[in-house]
Structures are given as structure tokens and as C-alpha cells.
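Colleague: This is the content of query.pdb (PDB, C-alpha atoms, pLDDT in the B column):
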MODEL        1
ATOM      1  CA  MET A   1     -17.788  11.589  -1.653  1.00 96.00           C
ATOM      2  CA  LYS A   2     -18.599   8.237  -3.206  1.00 94.00           C
ATOM      3  CA  TYR A   3     -19.195   5.111  -1.176  1.00 96.00           C
ATOM      4  CA  SER A   4     -20.558   1.592  -1.120  1.00 96.00           C
ATOM      5  CA  GLU A   5     -20.999  -1.148   1.472  1.00 97.00           C
ATOM      6  CA  ALA A   6     -18.990  -4.304   2.040  1.00 98.00           C
ATOM      7  CA  LYS A   7     -19.109  -7.164   4.506  1.00 98.00           C
ATOM      8  CA  PRO A   8     -16.256  -8.584   6.602  1.00 98.00           C
ATOM      9  CA  GLY A   9     -14.654 -11.762   5.340  1.00 98.00           C
ATOM     10  CA  ARG A  10     -11.600 -13.715   6.423  1.00 98.00           C
ATOM     11  CA  ILE A  11      -8.816 -12.234   8.516  1.00 98.00           C
ATOM     12  CA  PHE A  12      -5.205 -13.018   7.627  1.00 98.00           C
ATOM     13  CA  VAL A  13      -2.288 -12.608  10.017  1.00 98.00           C
ATOM     14  CA  LEU A  14       0.957 -12.123   8.088  1.00 98.00           C
ATOM     15  CA  ARG A  15       4.631 -12.076   8.873  1.00 98.00           C
ATOM     16  CA  LEU A  16       6.599 -10.595   6.012  1.00 98.00           C
ATOM     17  CA  GLU A  17      10.227 -11.642   6.097  1.00 98.00           C
ATOM     18  CA  ASP A  18      13.617 -10.084   5.544  1.00 98.00           C
ATOM     19  CA  GLY A  19      13.992  -8.807   1.996  1.00 98.00           C
ATOM     20  CA  ASP A  20      10.329  -9.162   0.983  1.00 98.00           C
ATOM     21  CA  THR A  21       9.019  -6.269  -1.109  1.00 98.00           C
ATOM     22  CA  VAL A  22       5.882  -5.225   0.754  1.00 98.00           C
ATOM     23  CA  HIS A  23       3.399  -4.511  -2.043  1.00 98.00           C
ATOM     24  CA  GLU A  24       4.547  -7.460  -4.174  1.00 98.00           C
ATOM     25  CA  THR A  25       4.263  -9.916  -1.269  1.00 98.00           C
ATOM     26  CA  ILE A  26       0.785  -8.765  -0.197  1.00 98.00           C
ATOM     27  CA  GLU A  27      -0.546  -8.662  -3.770  1.00 98.00           C
ATOM     28  CA  ALA A  28       0.805 -12.204  -4.319  1.00 98.00           C
ATOM     29  CA  LEU A  29      -1.056 -13.388  -1.204  1.00 98.00           C
ATOM     30  CA  ALA A  30      -4.235 -11.752  -2.520  1.00 98.00           C
ATOM     31  CA  ARG A  31      -3.927 -13.636  -5.827  1.00 98.00           C
ATOM     32  CA  GLU A  32      -3.087 -16.912  -4.064  1.00 98.00           C
ATOM     33  CA  GLN A  33      -6.004 -16.669  -1.617  1.00 98.00           C
ATOM     34  CA  SER A  34      -8.498 -15.054  -4.055  1.00 98.00           C
ATOM     35  CA  ILE A  35      -8.801 -11.935  -1.915  1.00 98.00           C
ATOM     36  CA  GLY A  36     -10.751  -9.407  -3.970  1.00 96.00           C
ATOM     37  CA  ALA A  37     -10.705  -6.512  -1.499  1.00 98.00           C
ATOM     38  CA  ALA A  38      -9.195  -5.821   1.908  1.00 98.00           C
ATOM     39  CA  ALA A  39      -8.015  -3.309   4.472  1.00 98.00           C
ATOM     40  CA  LEU A  40      -4.845  -3.779   6.471  1.00 98.00           C
ATOM     41  CA  VAL A  41      -2.588  -2.488   9.191  1.00 98.00           C
ATOM     42  CA  ILE A  42       1.134  -3.169   9.218  1.00 98.00           C
ATOM     43  CA  LEU A  43       4.190  -2.522  11.389  1.00 98.00           C
ATOM     44  CA  GLY A  44       7.804  -3.526  11.567  1.00 98.00           C
ATOM     45  CA  GLY A  45      11.063  -2.494   9.939  1.00 98.00           C
ATOM     46  CA  ALA A  46      11.866  -1.087   6.483  1.00 98.00           C
ATOM     47  CA  ASP A  47      15.334  -1.661   5.082  1.00 98.00           C
ATOM     48  CA  ALA A  48      17.772   0.926   3.802  1.00 98.00           C
ATOM     49  CA  GLY A  49      17.248   1.597   0.102  1.00 98.00           C
ATOM     50  CA  SER A  50      13.463   1.286   0.348  1.00 98.00           C
ATOM     51  CA  ARG A  51      11.633   3.764  -1.910  1.00 98.00           C
ATOM     52  CA  LEU A  52       8.558   5.826  -1.009  1.00 98.00           C
ATOM     53  CA  VAL A  53       6.408   8.220  -3.009  1.00 97.00           C
ATOM     54  CA  VAL A  54       6.263  11.285  -0.771  1.00 96.00           C
ATOM     55  CA  GLY A  55       3.933  13.623  -2.615  1.00 92.00           C
ATOM     56  CA  PRO A  56       3.673  15.643  -5.776  1.00 92.00           C
ATOM     57  CA  GLU A  57       6.278  18.281  -6.621  1.00 90.00           C
ATOM     58  CA  ASP A  58       3.505  20.845  -7.060  1.00 90.00           C
ATOM     59  CA  GLY A  59       0.187  19.989  -5.419  1.00 85.00           C
ATOM     60  CA  ARG A  60      -2.010  21.412  -8.204  1.00 87.00           C
ATOM     61  CA  ALA A  61       0.165  20.976 -11.292  1.00 84.00           C
ATOM     62  CA  SER A  62      -1.024  18.808 -14.145  1.00 81.00           C
ATOM     63  CA  PRO A  63       0.282  16.300 -14.968  1.00 81.00           C
ATOM     64  CA  VAL A  64       1.213  15.252 -11.450  1.00 85.00           C
ATOM     65  CA  SER A  65       4.937  14.792 -10.958  1.00 87.00           C
ATOM     66  CA  PRO A  66       5.546  12.460  -7.991  1.00 91.00           C
ATOM     67  CA  MET A  67       8.458  12.897  -5.621  1.00 95.00           C
ATOM     68  CA  GLU A  68      10.352   9.906  -4.299  1.00 97.00           C
ATOM     69  CA  THR A  69      12.591   9.425  -1.323  1.00 98.00           C
ATOM     70  CA  ILE A  70      14.953   6.567  -0.580  1.00 98.00           C
ATOM     71  CA  LEU A  71      15.440   5.503   3.018  1.00 98.00           C
ATOM     72  CA  ASP A  72      19.105   5.965   3.898  1.00 97.00           C
ATOM     73  CA  ASN A  73      18.995   3.504   6.786  1.00 98.00           C
ATOM     74  CA  VAL A  74      16.698   1.046   8.573  1.00 98.00           C
ATOM     75  CA  HIS A  75      13.443   2.643   9.812  1.00 98.00           C
ATOM     76  CA  GLU A  76      10.630   1.592  12.140  1.00 98.00           C
ATOM     77  CA  VAL A  77       7.304   1.612  10.276  1.00 98.00           C
ATOM     78  CA  ALA A  78       3.583   1.732  10.933  1.00 98.00           C
ATOM     79  CA  GLY A  79       1.034   1.893   8.162  1.00 98.00           C
ATOM     80  CA  THR A  80      -2.433   1.307   6.885  1.00 98.00           C
ATOM     81  CA  GLY A  81      -3.842   0.593   3.458  1.00 98.00           C
ATOM     82  CA  THR A  82      -6.434  -0.920   1.189  1.00 98.00           C
ATOM     83  CA  LEU A  83      -6.385  -3.547  -1.515  1.00 98.00           C
ATOM     84  CA  PHE A  84      -8.810  -3.505  -4.457  1.00 98.00           C
ATOM     85  CA  PRO A  85      -8.639  -4.953  -7.970  1.00 98.00           C
ATOM     86  CA  ASN A  86      -7.727  -2.837 -10.976  1.00 96.00           C
ATOM     87  CA  GLU A  87      -9.680  -2.913 -14.245  1.00 95.00           C
ATOM     88  CA  ALA A  88      -7.935  -6.167 -15.224  1.00 96.00           C
ATOM     89  CA  GLY A  89      -8.957  -7.800 -11.940  1.00 96.00           C
ATOM     90  CA  GLU A  90      -5.431  -7.771 -10.476  1.00 97.00           C
ATOM     91  CA  PRO A  91      -5.110  -6.858  -6.772  1.00 97.00           C
ATOM     92  CA  VAL A  92      -3.515  -3.449  -6.180  1.00 97.00           C
ATOM     93  CA  LEU A  93      -2.307  -2.456  -2.728  1.00 98.00           C
ATOM     94  CA  HIS A  94      -2.465   1.218  -1.721  1.00 98.00           C
ATOM     95  CA  LEU A  95      -0.448   1.426   1.477  1.00 98.00           C
ATOM     96  CA  HIS A  96       1.078   4.404   3.252  1.00 98.00           C
ATOM     97  CA  LEU A  97       3.808   3.975   5.851  1.00 98.00           C
ATOM     98  CA  ALA A  98       5.174   6.348   8.441  1.00 98.00           C
ATOM     99  CA  CYS A  99       8.883   5.496   8.603  1.00 98.00           C
ATOM    100  CA  GLY A 100      10.857   6.774  11.573  1.00 98.00           C
ATOM    101  CA  ARG A 101      14.450   6.768  12.742  1.00 98.00           C
ATOM    102  CA  LYS A 102      15.608   8.643  15.828  1.00 97.00           C
ATOM    103  CA  ARG A 103      13.657  11.937  15.768  1.00 96.00           C
ATOM    104  CA  SER A 104      12.884  12.006  12.042  1.00 97.00           C
ATOM    105  CA  THR A 105       9.875  10.557  10.212  1.00 98.00           C
ATOM    106  CA  VAL A 106       8.946  10.358   6.547  1.00 98.00           C
ATOM    107  CA  THR A 107       5.539   9.196   5.343  1.00 98.00           C
ATOM    108  CA  GLY A 108       4.734   7.903   1.881  1.00 98.00           C
ATOM    109  CA  CYS A 109       3.269   5.283  -0.428  1.00 98.00           C
ATOM    110  CA  VAL A 110       5.063   1.926  -0.851  1.00 98.00           C
ATOM    111  CA  ARG A 111       4.474   1.492  -4.635  1.00 94.00           C
ATOM    112  CA  ARG A 112       8.106   2.185  -5.564  1.00 95.00           C
ATOM    113  CA  GLY A 113       9.403  -0.683  -3.418  1.00 97.00           C
ATOM    114  CA  VAL A 114       9.712  -0.926   0.352  1.00 98.00           C
ATOM    115  CA  ARG A 115      11.763  -3.899   1.510  1.00 98.00           C
ATOM    116  CA  VAL A 116      11.309  -5.575   4.855  1.00 98.00           C
ATOM    117  CA  TRP A 117      14.135  -5.320   7.391  1.00 98.00           C
ATOM    118  CA  HIS A 118      13.940  -8.612   9.307  1.00 98.00           C
ATOM    119  CA  VAL A 119      10.174  -8.568   9.884  1.00 95.00           C
ATOM    120  CA  MET A 120       6.898  -6.761   9.300  1.00 98.00           C
ATOM    121  CA  GLU A 121       3.628  -7.905  10.797  1.00 98.00           C
ATOM    122  CA  ALA A 122       0.290  -7.225   9.154  1.00 98.00           C
ATOM    123  CA  VAL A 123      -3.336  -8.013   9.770  1.00 98.00           C
ATOM    124  CA  LEU A 124      -5.361  -8.085   6.564  1.00 98.00           C
ATOM    125  CA  PHE A 125      -9.145  -7.817   6.828  1.00 98.00           C
ATOM    126  CA  GLU A 126     -10.870  -9.221   3.756  1.00 98.00           C
ATOM    127  CA  LEU A 127     -13.889  -7.292   2.440  1.00 98.00           C
ATOM    128  CA  THR A 128     -16.624  -9.254   0.679  1.00 98.00           C
ATOM    129  CA  GLU A 129     -19.761  -8.387  -1.232  1.00 97.00           C
ATOM    130  CA  THR A 130     -18.151  -5.350  -2.818  1.00 97.00           C
ATOM    131  CA  ARG A 131     -17.667  -4.429  -6.460  1.00 95.00           C
ATOM    132  CA  ALA A 132     -15.216  -1.641  -5.707  1.00 97.00           C
ATOM    133  CA  THR A 133     -12.314  -1.381  -8.152  1.00 97.00           C
ATOM    134  CA  ARG A 134      -9.429   0.897  -9.042  1.00 97.00           C
ATOM    135  CA  ARG A 135      -9.777   2.643 -12.425  1.00 96.00           C
ATOM    136  CA  PHE A 136      -7.531   5.009 -14.324  1.00 92.00           C
ATOM    137  CA  GLU A 137      -8.797   8.591 -14.428  1.00 88.00           C
ATOM    138  CA  SER A 138      -7.134  10.749 -17.039  1.00 82.00           C
ATOM    139  CA  PRO A 139      -7.594  14.161 -15.365  1.00 75.00           C
ATOM    140  CA  THR A 140      -5.244  13.153 -12.530  1.00 79.00           C
ATOM    141  CA  GLY A 141      -3.371  10.265 -14.124  1.00 82.00           C
ATOM    142  CA  PHE A 142      -4.161   8.213 -11.013  1.00 88.00           C
ATOM    143  CA  THR A 143      -5.804   4.829 -10.743  1.00 91.00           C
ATOM    144  CA  LEU A 144      -8.536   5.725  -8.252  1.00 94.00           C
ATOM    145  CA  LEU A 145     -10.881   3.730  -6.089  1.00 96.00           C
ATOM    146  CA  GLN A 146     -14.375   3.462  -7.537  1.00 96.00           C
ATOM    147  CA  PRO A 147     -16.576   2.337  -4.644  1.00 96.00           C
TER     148      PRO A 147
ENDMDL
END
Would you mind writing the structure in this file as C-alpha cells?

Modeller:
Amino acid sequence: MKYSEAKPGRIFVLRLEDGDTVHETIEALAREQSIGAAALVILGGADAGSRLVVGPEDGRASPVSPMETILDNVHEVAGTGTLFPNEAGEPVLHLHLACGRKRSTVTGCVRRGVRVWHVMEAVLFELTETRATRRFESPTGFTLLQP
């Protein structure tokens, strides 16, 4: 385990609107408001056609081959994530959503494009006094948090 400390900063209450792409909208807010790091919770509706990364094809294969699923209909969502800058200083959201419809749920990462169905609500908790970043690590091919 690797870790560092941070202090609480501002708190933002967000309403994402119909058609917004979740990660693009939140990363744009981070640039606009000079948010360097944050944690967030989110809930609402994801539209049909939204794309989620739902795991690797083979958990220990190298290179990692991600699987994707496309939501076939509107889903209720609840999620949590973090936002930290990459090596270029750009904010990068890492957010996982549990997306449910009737008695079925799929959980995954929003990086491929989850679109809002009518509304999503989020509370974003800014983290200050941290130098944590996301950096590319060649063994996995992931851009990982470096606390």
C-alpha cells in the first residue's frame, strides 16, 4: 500500500443534465474551477447506449484486454470515484457506477462514455494539500494513482 495525506477543500454540488457525458462534464468542471484532486459520490440515471469498462478478459493476462458493455436501456446508477491530475496536469476522473434495471445490475468504469438520462446528482469533495497524480505504469498499461 502507498498513501499520503490531504486536507478537505471546497464542496461542489452538481446536477448533470440530460445527454451530458459524465467523465467529460466532471473533468471540465475541474479545469474550470481549478480542482486538482477530489472524491465524489454520484447517483441518477444512465441513458441507453452508455458504455462501461466491465473488467479484463483474463484477470492475469498481459497486456490487459478490457471488456466493454453497452447499456441496452436506461439504468438507475450509484457510484463513487476520485479525480487526480495525470502527468500533464489534466484532471482524470476514475469513477465506477453500479447500473441497475429491474433485477439486473452491471458495474463498471465510465471512461468509455456514460451519458446522463435526464439527471445525475453528484457531490464532489475537493482535496487540497496533496501532490497525488496519475502516472502511466508500463507493466500493467494503466495510469495509476501515485499518492

Colleague: Expand the PyMOL selection byres ((chain A and resi 40-46) around 9) into the individual residues it matches in the shown file, reporting them as a PyMOL selection string.

Modeller: chain A and resi 38-39+47-50+71+73-83+95+97+99+114-126

Colleague: Would you write out those residues with C-alpha atoms, as an mmCIF file, in the frame of the given file?

Modeller:
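See out-v4.cif below for the written result:
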data_model
loop_
_atom_site.group_PDB
_atom_site.id
_atom_site.type_symbol
_atom_site.label_atom_id
_atom_site.label_comp_id
_atom_site.auth_asym_id
_atom_site.auth_seq_id
_atom_site.Cartn_x
_atom_site.Cartn_y
_atom_site.Cartn_z
ATOM 1 C CA ALA A 38 -9.195 -5.821 1.908
ATOM 2 C CA ALA A 39 -8.015 -3.309 4.472
ATOM 3 C CA ASP A 47 15.334 -1.661 5.082
ATOM 4 C CA ALA A 48 17.772 0.926 3.802
ATOM 5 C CA GLY A 49 17.248 1.597 0.102
ATOM 6 C CA SER A 50 13.463 1.286 0.348
ATOM 7 C CA LEU A 71 15.440 5.503 3.018
ATOM 8 C CA ASN A 73 18.995 3.504 6.786
ATOM 9 C CA VAL A 74 16.698 1.046 8.573
ATOM 10 C CA HIS A 75 13.443 2.643 9.812
ATOM 11 C CA GLU A 76 10.630 1.592 12.140
ATOM 12 C CA VAL A 77 7.304 1.612 10.276
ATOM 13 C CA ALA A 78 3.583 1.732 10.933
ATOM 14 C CA GLY A 79 1.034 1.893 8.162
ATOM 15 C CA THR A 80 -2.433 1.307 6.885
ATOM 16 C CA GLY A 81 -3.842 0.593 3.458
ATOM 17 C CA THR A 82 -6.434 -0.920 1.189
ATOM 18 C CA LEU A 83 -6.385 -3.547 -1.515
ATOM 19 C CA LEU A 95 -0.448 1.426 1.477
ATOM 20 C CA LEU A 97 3.808 3.975 5.851
ATOM 21 C CA CYS A 99 8.883 5.496 8.603
ATOM 22 C CA VAL A 114 9.712 -0.926 0.352
ATOM 23 C CA ARG A 115 11.763 -3.899 1.510
ATOM 24 C CA VAL A 116 11.309 -5.575 4.855
ATOM 25 C CA TRP A 117 14.135 -5.320 7.391
ATOM 26 C CA HIS A 118 13.940 -8.612 9.307
ATOM 27 C CA VAL A 119 10.174 -8.568 9.884
ATOM 28 C CA MET A 120 6.898 -6.761 9.300
ATOM 29 C CA GLU A 121 3.628 -7.905 10.797
ATOM 30 C CA ALA A 122 0.290 -7.225 9.154
ATOM 31 C CA VAL A 123 -3.336 -8.013 9.770
ATOM 32 C CA LEU A 124 -5.361 -8.085 6.564
ATOM 33 C CA PHE A 125 -9.145 -7.817 6.828
ATOM 34 C CA GLU A 126 -10.870 -9.221 3.756
#

Colleague: Evaluated on this file, the PyMOL selection byres ((chain A and resi 108) around 9) picks out some residues - which ones are they, written as a ChimeraX atom specification?

Modeller: /A:51-55,68-69,95-99,106-107,109-110

Colleague: Can you turn the PyMOL selection byres ((chain A and resi 138-141) around 12) into a concrete residue list for this file, as an mmCIF file with C-alpha atoms, in the coordinates of the input?

Modeller:
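As a result, out_22.cif now contains:
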data_model
loop_
_atom_site.group_PDB
_atom_site.id
_atom_site.type_symbol
_atom_site.label_atom_id
_atom_site.label_comp_id
_atom_site.auth_asym_id
_atom_site.auth_seq_id
_atom_site.Cartn_x
_atom_site.Cartn_y
_atom_site.Cartn_z
ATOM 1 C CA PRO A 56 3.673 15.643 -5.776
ATOM 2 C CA GLY A 59 0.187 19.989 -5.419
ATOM 3 C CA ARG A 60 -2.010 21.412 -8.204
ATOM 4 C CA ALA A 61 0.165 20.976 -11.292
ATOM 5 C CA SER A 62 -1.024 18.808 -14.145
ATOM 6 C CA PRO A 63 0.282 16.300 -14.968
ATOM 7 C CA VAL A 64 1.213 15.252 -11.450
ATOM 8 C CA SER A 65 4.937 14.792 -10.958
ATOM 9 C CA PRO A 66 5.546 12.460 -7.991
ATOM 10 C CA ARG A 135 -9.777 2.643 -12.425
ATOM 11 C CA PHE A 136 -7.531 5.009 -14.324
ATOM 12 C CA GLU A 137 -8.797 8.591 -14.428
ATOM 13 C CA PHE A 142 -4.161 8.213 -11.013
ATOM 14 C CA THR A 143 -5.804 4.829 -10.743
ATOM 15 C CA LEU A 144 -8.536 5.725 -8.252
#

Colleague: From the list A:Leu127, A:Ile11, A:Leu16, A:Val22, which residue is nearest Phe84 of chain A when using all atoms listed in the file?

Modeller: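 Residue with the minimum atom-to-atom distance to Phe84 of chain A: A:Leu127.
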
Colleague: Could you check which of A:Thr130, A:Gln146, A:Ser34, A:Thr105 is closest to Pro91 of chain A, using all atoms listed in the file?

Modeller: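 Nearest candidate to Pro91 of chain A out of A:Thr130, A:Gln146, A:Ser34, A:Thr105: A:Ser34.
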